[in-house]
$ cat work27.cif   # mmCIF, C-alpha atoms
data_run
#
loop_
_atom_site.label_atom_id
_atom_site.label_comp_id
_atom_site.auth_asym_id
_atom_site.auth_seq_id
_atom_site.Cartn_x
_atom_site.Cartn_y
_atom_site.Cartn_z
CA SER B 926 117.52 130.74 127.51
CA SER B 927 116.70 130.59 123.83
CA MET B 928 114.97 127.27 124.43
CA GLY B 929 111.65 128.54 125.69
CA ALA B 930 110.67 130.63 128.67
CA ASP B 931 109.59 127.73 130.88
CA ALA B 932 112.27 126.93 133.44
CA ALA B 933 114.36 123.84 132.81
CA ILE B 934 113.94 121.12 135.41
CA PRO B 935 116.72 121.04 138.03
CA LEU B 936 119.76 118.82 137.59
CA PRO B 937 119.24 115.38 139.16
CA GLY B 938 120.89 115.05 142.58
CA PRO B 939 123.82 112.78 141.64
CA LEU B 940 124.88 115.24 138.93
CA ARG B 941 124.72 118.22 141.32
CA LEU B 942 127.46 117.06 143.69
CA THR B 943 130.16 119.67 144.06
CA PRO B 944 133.41 117.99 143.06
CA ALA B 945 136.21 118.13 145.63
CA PHE B 946 138.86 118.44 142.91
CA ALA B 947 139.59 120.41 139.76
CA PHE B 948 138.60 118.92 136.41
CA ALA B 949 141.76 118.32 134.35
CA GLY B 950 142.32 116.75 130.96
CA ARG B 951 139.40 115.22 129.05
CA ALA B 952 138.90 118.43 127.05
CA ARG B 953 138.61 116.44 123.81
CA GLU B 954 136.10 113.97 125.24
CA LEU B 955 134.01 116.74 126.78
CA ALA B 956 134.00 118.63 123.47
CA THR B 957 132.98 115.45 121.61
CA LEU B 958 130.05 114.83 123.96
CA ARG B 959 128.94 118.48 123.90
CA ALA B 960 128.93 118.46 120.11
CA LEU B 961 126.77 115.33 120.06
CA LEU B 962 123.85 116.93 121.91
CA PRO B 963 121.26 117.62 119.17
CA ARG B 964 120.30 121.26 119.51
CA SER B 965 118.09 121.83 116.47
CA ALA B 966 114.86 119.97 115.84
CA GLY B 967 115.97 117.96 112.80
CA GLU B 968 119.17 116.50 114.25
CA GLY B 969 117.63 113.46 115.88
CA ARG B 970 118.79 111.08 118.58
CA ARG B 971 122.48 110.49 119.30
CA ALA B 972 124.11 108.10 121.76
CA ALA B 973 127.56 107.82 123.30
CA PHE B 974 128.89 104.76 125.10
CA LEU B 975 131.67 105.76 127.47
CA ALA B 976 133.98 102.98 128.66
CA GLY B 977 136.86 102.97 131.11
CA GLU B 978 138.32 101.23 134.13
CA PRO B 979 137.01 102.08 137.64
CA GLY B 980 138.35 105.49 138.67
CA SER B 981 139.06 106.62 135.13
CA GLY B 982 136.73 109.60 135.58
CA LYS B 983 133.58 108.58 133.68
CA SER B 984 131.20 109.99 136.31
CA ARG B 985 133.13 113.22 136.57
CA LEU B 986 133.09 113.70 132.81
CA VAL B 987 129.31 113.21 132.58
CA ARG B 988 128.82 115.54 135.53
CA GLU B 989 130.79 118.29 133.75
CA LEU B 990 128.82 117.65 130.56
CA ALA B 991 125.49 117.75 132.41
CA GLY B 992 126.31 121.04 134.13
CA GLU B 993 127.31 122.68 130.85
CA VAL B 994 124.31 121.56 128.78
CA ALA B 995 121.87 122.33 131.63
CA ALA B 996 123.29 125.86 131.73
CA GLU B 997 122.43 126.12 128.02
CA GLY B 998 118.84 125.13 128.79
CA ALA B 999 118.84 121.38 128.07
CA THR B 1000 116.82 118.97 130.22
CA VAL B 1001 119.03 116.41 131.99
CA LEU B 1002 117.76 113.05 133.27
CA TYR B 1003 119.81 110.49 135.19
CA GLY B 1004 119.66 106.87 136.27
CA ASP B 1005 122.29 104.43 137.46
CA CYS B 1006 122.50 100.66 137.61
CA ASP B 1007 123.29 98.97 140.88
CA ALA B 1008 125.31 95.79 141.35
CA ALA B 1009 123.19 94.67 144.30
CA VAL B 1010 119.66 95.73 143.37
CA GLY B 1011 118.75 95.04 139.76
CA THR B 1012 115.23 96.49 139.77
CA PRO B 1013 113.74 95.97 136.31
CA TYR B 1014 114.08 99.25 134.36
CA GLY B 1015 115.54 100.80 137.55
CA PRO B 1016 117.65 103.55 135.92
CA PHE B 1017 114.84 104.54 133.54
CA ALA B 1018 112.33 104.64 136.40
CA ALA B 1019 114.66 107.00 138.31
CA ALA B 1020 115.24 109.21 135.27
CA LEU B 1021 111.53 109.49 134.40
CA GLU B 1022 110.49 109.93 138.02
CA HIS B 1023 112.64 113.10 138.12
CA LEU B 1024 111.11 114.31 134.86
CA VAL B 1025 107.54 113.74 136.06
CA ARG B 1026 108.16 115.33 139.46
CA HIS B 1027 109.56 118.54 137.97
CA THR B 1028 107.37 118.98 134.89
CA ASP B 1029 104.01 120.71 134.92
CA PRO B 1030 101.31 118.02 134.51
CA ASP B 1031 99.72 120.04 131.68
CA ALA B 1032 103.04 119.94 129.82
CA LEU B 1033 103.34 116.18 130.37
CA ARG B 1034 99.84 115.11 129.32
CA PRO B 1035 100.18 115.67 125.56
CA HIS B 1036 103.26 113.40 125.49
CA LEU B 1037 101.60 110.52 127.33
CA ALA B 1038 99.16 109.81 124.48
CA GLN B 1039 97.91 106.23 124.53
CA GLY B 1040 100.90 104.97 126.46
CA GLY B 1041 100.31 106.74 129.75
CA GLY B 1042 98.85 103.63 131.32
CA GLU B 1043 101.92 101.62 130.31
CA LEU B 1044 104.16 104.09 132.10
CA THR B 1045 102.43 103.43 135.42
CA ARG B 1046 104.38 100.13 135.43
CA LEU B 1047 107.54 102.22 135.87
CA LEU B 1048 105.96 105.20 137.62
CA PRO B 1049 103.27 104.11 140.07
CA GLY B 1050 102.64 107.74 141.10
CA LEU B 1051 102.01 108.99 137.56
CA ALA B 1052 98.20 108.95 137.65
CA ALA B 1053 98.20 110.91 140.91
CA ARG B 1054 100.25 113.59 139.13
CA VAL B 1055 98.49 113.84 135.76
CA GLY B 1056 95.02 112.41 136.39
CA ASP B 1057 93.36 109.23 135.16
CA LEU B 1058 95.23 107.11 132.64
CA PRO B 1059 93.87 104.19 130.64
CA PRO B 1060 94.84 100.95 132.40
CA PRO B 1061 97.37 98.94 130.37
CA PRO B 1062 95.62 96.00 128.69
CA ALA B 1063 96.60 92.58 129.98
CA THR B 1064 98.52 90.70 127.31
CA ASP B 1065 101.61 88.58 126.81
CA ALA B 1066 105.02 89.69 128.05
CA ASP B 1067 106.43 90.52 124.60
CA ALA B 1068 103.55 92.82 123.67
CA GLU B 1069 103.66 94.41 127.13
CA ARG B 1070 107.38 95.10 126.81
CA HIS B 1071 106.96 96.54 123.34
CA ARG B 1072 104.16 98.86 124.48
CA LEU B 1073 106.23 100.05 127.44
CA HIS B 1074 109.25 100.70 125.17
CA THR B 1075 107.02 102.67 122.81
CA ALA B 1076 105.46 104.70 125.63
CA VAL B 1077 108.87 105.68 127.05
CA THR B 1078 110.15 106.58 123.58
CA ASP B 1079 107.07 108.68 122.79
CA LEU B 1080 107.39 110.54 126.09
CA LEU B 1081 111.08 111.33 125.51
CA VAL B 1082 110.47 112.35 121.90
CA GLY B 1083 107.68 114.66 123.08
CA ILE B 1084 109.64 116.17 125.95
CA SER B 1085 112.66 116.75 123.72
CA SER B 1086 110.56 118.76 121.31
CA GLU B 1087 110.47 121.47 124.01
CA ARG B 1088 114.23 121.57 124.63
CA PRO B 1089 117.23 119.28 124.03
CA LEU B 1090 117.43 116.27 126.32
CA LEU B 1091 120.48 114.57 127.87
CA VAL B 1092 119.82 111.14 129.40
CA VAL B 1093 122.72 109.80 131.49
CA LEU B 1094 122.77 106.08 132.36
CA GLU B 1095 125.67 105.08 134.57
CA ASP B 1096 127.26 101.68 135.16
CA VAL B 1097 125.38 99.78 132.47
CA HIS B 1098 127.72 96.80 133.03
CA TRP B 1099 125.30 96.14 135.92
CA ALA B 1100 122.13 96.74 133.87
CA ASP B 1101 119.43 94.08 134.04
CA THR B 1102 117.90 92.56 130.90
CA SER B 1103 114.89 94.88 130.86
CA THR B 1104 117.06 98.01 131.14
CA LEU B 1105 119.34 96.88 128.30
CA GLY B 1106 116.28 96.05 126.18
CA LEU B 1107 114.81 99.53 126.66
CA LEU B 1108 118.20 101.16 126.04
CA ARG B 1109 118.53 99.27 122.73
CA HIS B 1110 114.99 100.28 121.77
CA LEU B 1111 115.66 103.97 122.50
CA VAL B 1112 118.86 103.91 120.47
CA ARG B 1113 117.22 102.15 117.55
CA SER B 1114 113.74 103.69 117.59
CA GLY B 1115 114.17 107.09 119.17
CA ALA B 1116 115.51 108.74 116.01
CA ALA B 1117 112.96 111.55 116.23
CA ALA B 1118 114.04 112.54 119.75
CA ARG B 1119 116.25 115.60 120.17
CA MET B 1120 118.19 113.58 122.72
CA LEU B 1121 121.70 112.47 123.60
CA ILE B 1122 121.94 109.24 125.60
CA VAL B 1123 125.26 108.81 127.43
CA ALA B 1124 125.80 105.35 128.92
CA THR B 1125 128.92 104.60 130.99
CA PHE B 1126 130.37 101.18 131.72
CA ARG B 1127 133.47 99.51 133.08
CA ASP B 1128 135.42 97.55 130.55
CA ASP B 1129 138.16 96.30 132.86
CA GLU B 1130 136.45 93.13 134.10
CA ALA B 1131 137.76 89.91 132.57
CA ASP B 1132 135.02 90.78 130.15
CA VAL B 1133 131.97 92.90 129.77
CA PRO B 1134 128.83 90.82 130.61
CA ALA B 1135 127.71 88.84 127.53
CA GLU B 1136 124.33 90.56 127.48
CA LEU B 1137 125.87 94.03 127.43
CA ALA B 1138 128.41 92.93 124.81
CA SER B 1139 125.66 91.77 122.46
CA ALA B 1140 123.62 94.94 123.07
CA LEU B 1141 126.72 97.01 122.25
CA VAL B 1142 127.38 95.13 119.00
CA ASP B 1143 123.78 95.88 118.07
CA VAL B 1144 123.79 99.59 118.95
CA TYR B 1145 127.24 100.31 117.51
CA ARG B 1146 125.82 99.47 114.08
CA THR B 1147 123.21 102.22 114.46
CA GLU B 1148 123.74 105.66 112.99
CA GLY B 1149 124.61 108.45 115.41
CA VAL B 1150 126.19 106.15 118.00
CA VAL B 1151 129.70 106.96 119.24
CA ARG B 1152 132.12 104.94 121.35
CA LEU B 1153 134.51 106.71 123.71
CA ARG B 1154 137.10 105.18 126.00
CA LEU B 1155 138.70 107.07 128.87
CA ALA B 1156 142.35 106.04 128.90
CA GLY B 1157 144.65 107.16 131.71
CA LEU B 1158 145.43 110.85 132.13
CA SER B 1159 148.59 111.98 130.33
CA GLU B 1160 151.59 113.60 132.02
CA ALA B 1161 150.33 116.98 130.74
CA ASP B 1162 146.89 116.26 132.27
CA VAL B 1163 148.49 115.34 135.60
CA ALA B 1164 150.54 118.55 135.53
CA GLU B 1165 147.36 120.53 134.77
CA PHE B 1166 145.61 118.83 137.69
CA VAL B 1167 148.43 119.71 140.11
CA ARG B 1168 148.44 123.29 138.81
CA LEU B 1169 144.67 123.68 139.27
CA THR B 1170 144.62 121.94 142.66
CA ALA B 1171 147.77 123.29 144.29
CA GLY B 1172 147.94 126.61 142.46
CA ALA B 1173 151.61 125.96 141.64
CA GLU B 1174 153.49 124.70 138.62
CA PRO B 1175 154.67 121.11 139.26
CA SER B 1176 158.20 120.12 138.30
CA PRO B 1177 158.32 117.65 135.39
CA ASP B 1178 159.72 115.10 137.87
CA LEU B 1179 156.69 115.45 140.13
CA ALA B 1180 154.17 115.05 137.30
CA ALA B 1181 156.12 112.04 135.97
CA ALA B 1182 156.27 110.48 139.46
CA ILE B 1183 152.51 110.88 140.02
CA LEU B 1184 151.84 109.41 136.58
CA GLY B 1185 154.15 106.48 137.36
CA LEU B 1186 152.44 105.77 140.69
CA THR B 1187 148.87 106.00 139.37
CA GLY B 1188 149.07 104.91 135.75
CA GLY B 1189 147.07 108.07 135.08
CA ASN B 1190 143.97 106.71 136.85
CA ALA B 1191 142.04 109.89 137.74
CA PHE B 1192 140.80 108.55 141.08
CA LEU B 1193 144.30 107.50 142.17
CA VAL B 1194 145.73 110.85 141.02
CA THR B 1195 143.29 112.70 143.31
CA GLU B 1196 144.08 110.32 146.20
#
$ encode --input "work27.cif" --output "structure tokens"
Amino acid sequence: SSMGADAAIPLPGPLRLTPAFAFAGRARELATLRALLPRSAGEGRRAAFLAGEPGSGKSRLVRELAGEVAAEGATVLYGDCDAAVGTPYGPFAAALEHLVRHTDPDALRPHLAQGGGELTRLLPGLAARVGDLPPPPATDADAERHRLHTAVTDLLVGISSERPLLVVLEDVHWADTSTLGLLRHLVRSGAAARMLIVATFRDDEADVPAELASALVDVYRTEGVVRLRLAGLSEADVAEFVRLTAGAEPSPDLAAAILGLTGGNAFLVTE
């Protein structure tokens, strides 16, 4: 790869799953996301917020994106929010844990700077991997949070100087307060990172949680932030799916019937 001889870290597990079905439609959305990944050093951080109803194909789209940019040599990190277990910073801890586990400690150390001790709050095993880190000073919650935000940002900025970085955060409608706070900070303060953040969320609930809604209002005002919504698949998309899956050209009646039954919901189409 043109992005340095050191091997890229492997794709995170959830993005490696082999899909059971062909990928149809969504060419425009995939192209939009691919184009957002900052490839040259001066481009700076970008973010995309990808909305859609359950089953609209958000996860599949980010999986296709991740596979393509990883093949080009980008680093891909992944975390998802869970309805049941809202561990503070859970998705970021998962994403960074993968980074730390697969990056040479010597390559990590320069990017830990003063904030390495802060990161042990998210990554208890960090010191064992990179050696002693200064303990985080005890202080009030606001200062602590700010120092942690800064440490995560500095690490991602540093790592992205080696090769472009894609950070996927799924299901942020379930994100806890701390996760949303760090996401906002990265979007607003990570301008120097050669990084694309892609966050997915469901927008079908009676409404998006108030906390997410206010975070979105805030980040949508920031430069380099894009909103995408996955509507239903079109009749042409459904026909393409049948063609790719069955290896035969569907009659217009069949494509129209599948569209009528499913409303173009990708999950229902595959069912």
$ resolve_selection --input "work27.cif" --expression "the PyMOL selection byres ((chain B and resi 999) around 8)" --output "PyMOL selection string"
chain B and resi 928+933+994-998+1000-1001+1088-1091
$ closest_residue --input "work27.cif" --among "B:Ala1156, B:Ala976, B:Ala1138, B:Leu1121" --to "Pro963 of chain B" --atoms "all atoms listed in the file"
B:Leu1121
$ resolve_selection --input "work27.cif" --expression "the PyMOL selection byres ((chain B and resi 1053-1069) around 9)" --output "PDB file with C-alpha atoms, in the frame of the given file"
ATOM      1  CA  VAL B1025     107.540 113.740 136.060  1.00  0.00           C
ATOM      2  CA  ARG B1026     108.160 115.330 139.460  1.00  0.00           C
ATOM      3  CA  ASP B1029     104.010 120.710 134.920  1.00  0.00           C
ATOM      4  CA  PRO B1030     101.310 118.020 134.510  1.00  0.00           C
ATOM      5  CA  ASP B1031      99.720 120.040 131.680  1.00  0.00           C
ATOM      6  CA  LEU B1033     103.340 116.180 130.370  1.00  0.00           C
ATOM      7  CA  ARG B1034      99.840 115.110 129.320  1.00  0.00           C
ATOM      8  CA  LEU B1037     101.600 110.520 127.330  1.00  0.00           C
ATOM      9  CA  GLN B1039      97.910 106.230 124.530  1.00  0.00           C
ATOM     10  CA  GLY B1040     100.900 104.970 126.460  1.00  0.00           C
ATOM     11  CA  GLY B1041     100.310 106.740 129.750  1.00  0.00           C
ATOM     12  CA  GLY B1042      98.850 103.630 131.320  1.00  0.00           C
ATOM     13  CA  GLU B1043     101.920 101.620 130.310  1.00  0.00           C
ATOM     14  CA  LEU B1044     104.160 104.090 132.100  1.00  0.00           C
ATOM     15  CA  THR B1045     102.430 103.430 135.420  1.00  0.00           C
ATOM     16  CA  ARG B1046     104.380 100.130 135.430  1.00  0.00           C
ATOM     17  CA  PRO B1049     103.270 104.110 140.070  1.00  0.00           C
ATOM     18  CA  GLY B1050     102.640 107.740 141.100  1.00  0.00           C
ATOM     19  CA  LEU B1051     102.010 108.990 137.560  1.00  0.00           C
ATOM     20  CA  ALA B1052      98.200 108.950 137.650  1.00  0.00           C
ATOM     21  CA  ARG B1070     107.380  95.100 126.810  1.00  0.00           C
ATOM     22  CA  HIS B1071     106.960  96.540 123.340  1.00  0.00           C
ATOM     23  CA  ARG B1072     104.160  98.860 124.480  1.00  0.00           C
ATOM     24  CA  LEU B1073     106.230 100.050 127.440  1.00  0.00           C
ATOM     25  CA  HIS B1074     109.250 100.700 125.170  1.00  0.00           C
TER      26      HIS B1074
END
$ closest_residue --input "work27.cif" --among "B:Leu1105, B:Ile1183, B:Ala956, B:Lys983" --to "Gly1011 of chain B" --atoms "all atoms listed in the file"
B:Leu1105
$ residues_near_point --input "work27.cif" --point "(118.6, 107.9, 132.6)" --cutoff "8 Å" --atoms "only C-alpha atoms" --output "PyMOL selection string"
chain B and resi 1002-1005+1016-1017+1019-1021+1092-1095+1122
$ closest_residue --input "work27.cif" --among "B:Val1163, B:Leu1048, B:Ala1124, B:Leu1193" --to "Leu1141 of chain B" --atoms "only C-alpha atoms"
B:Ala1124
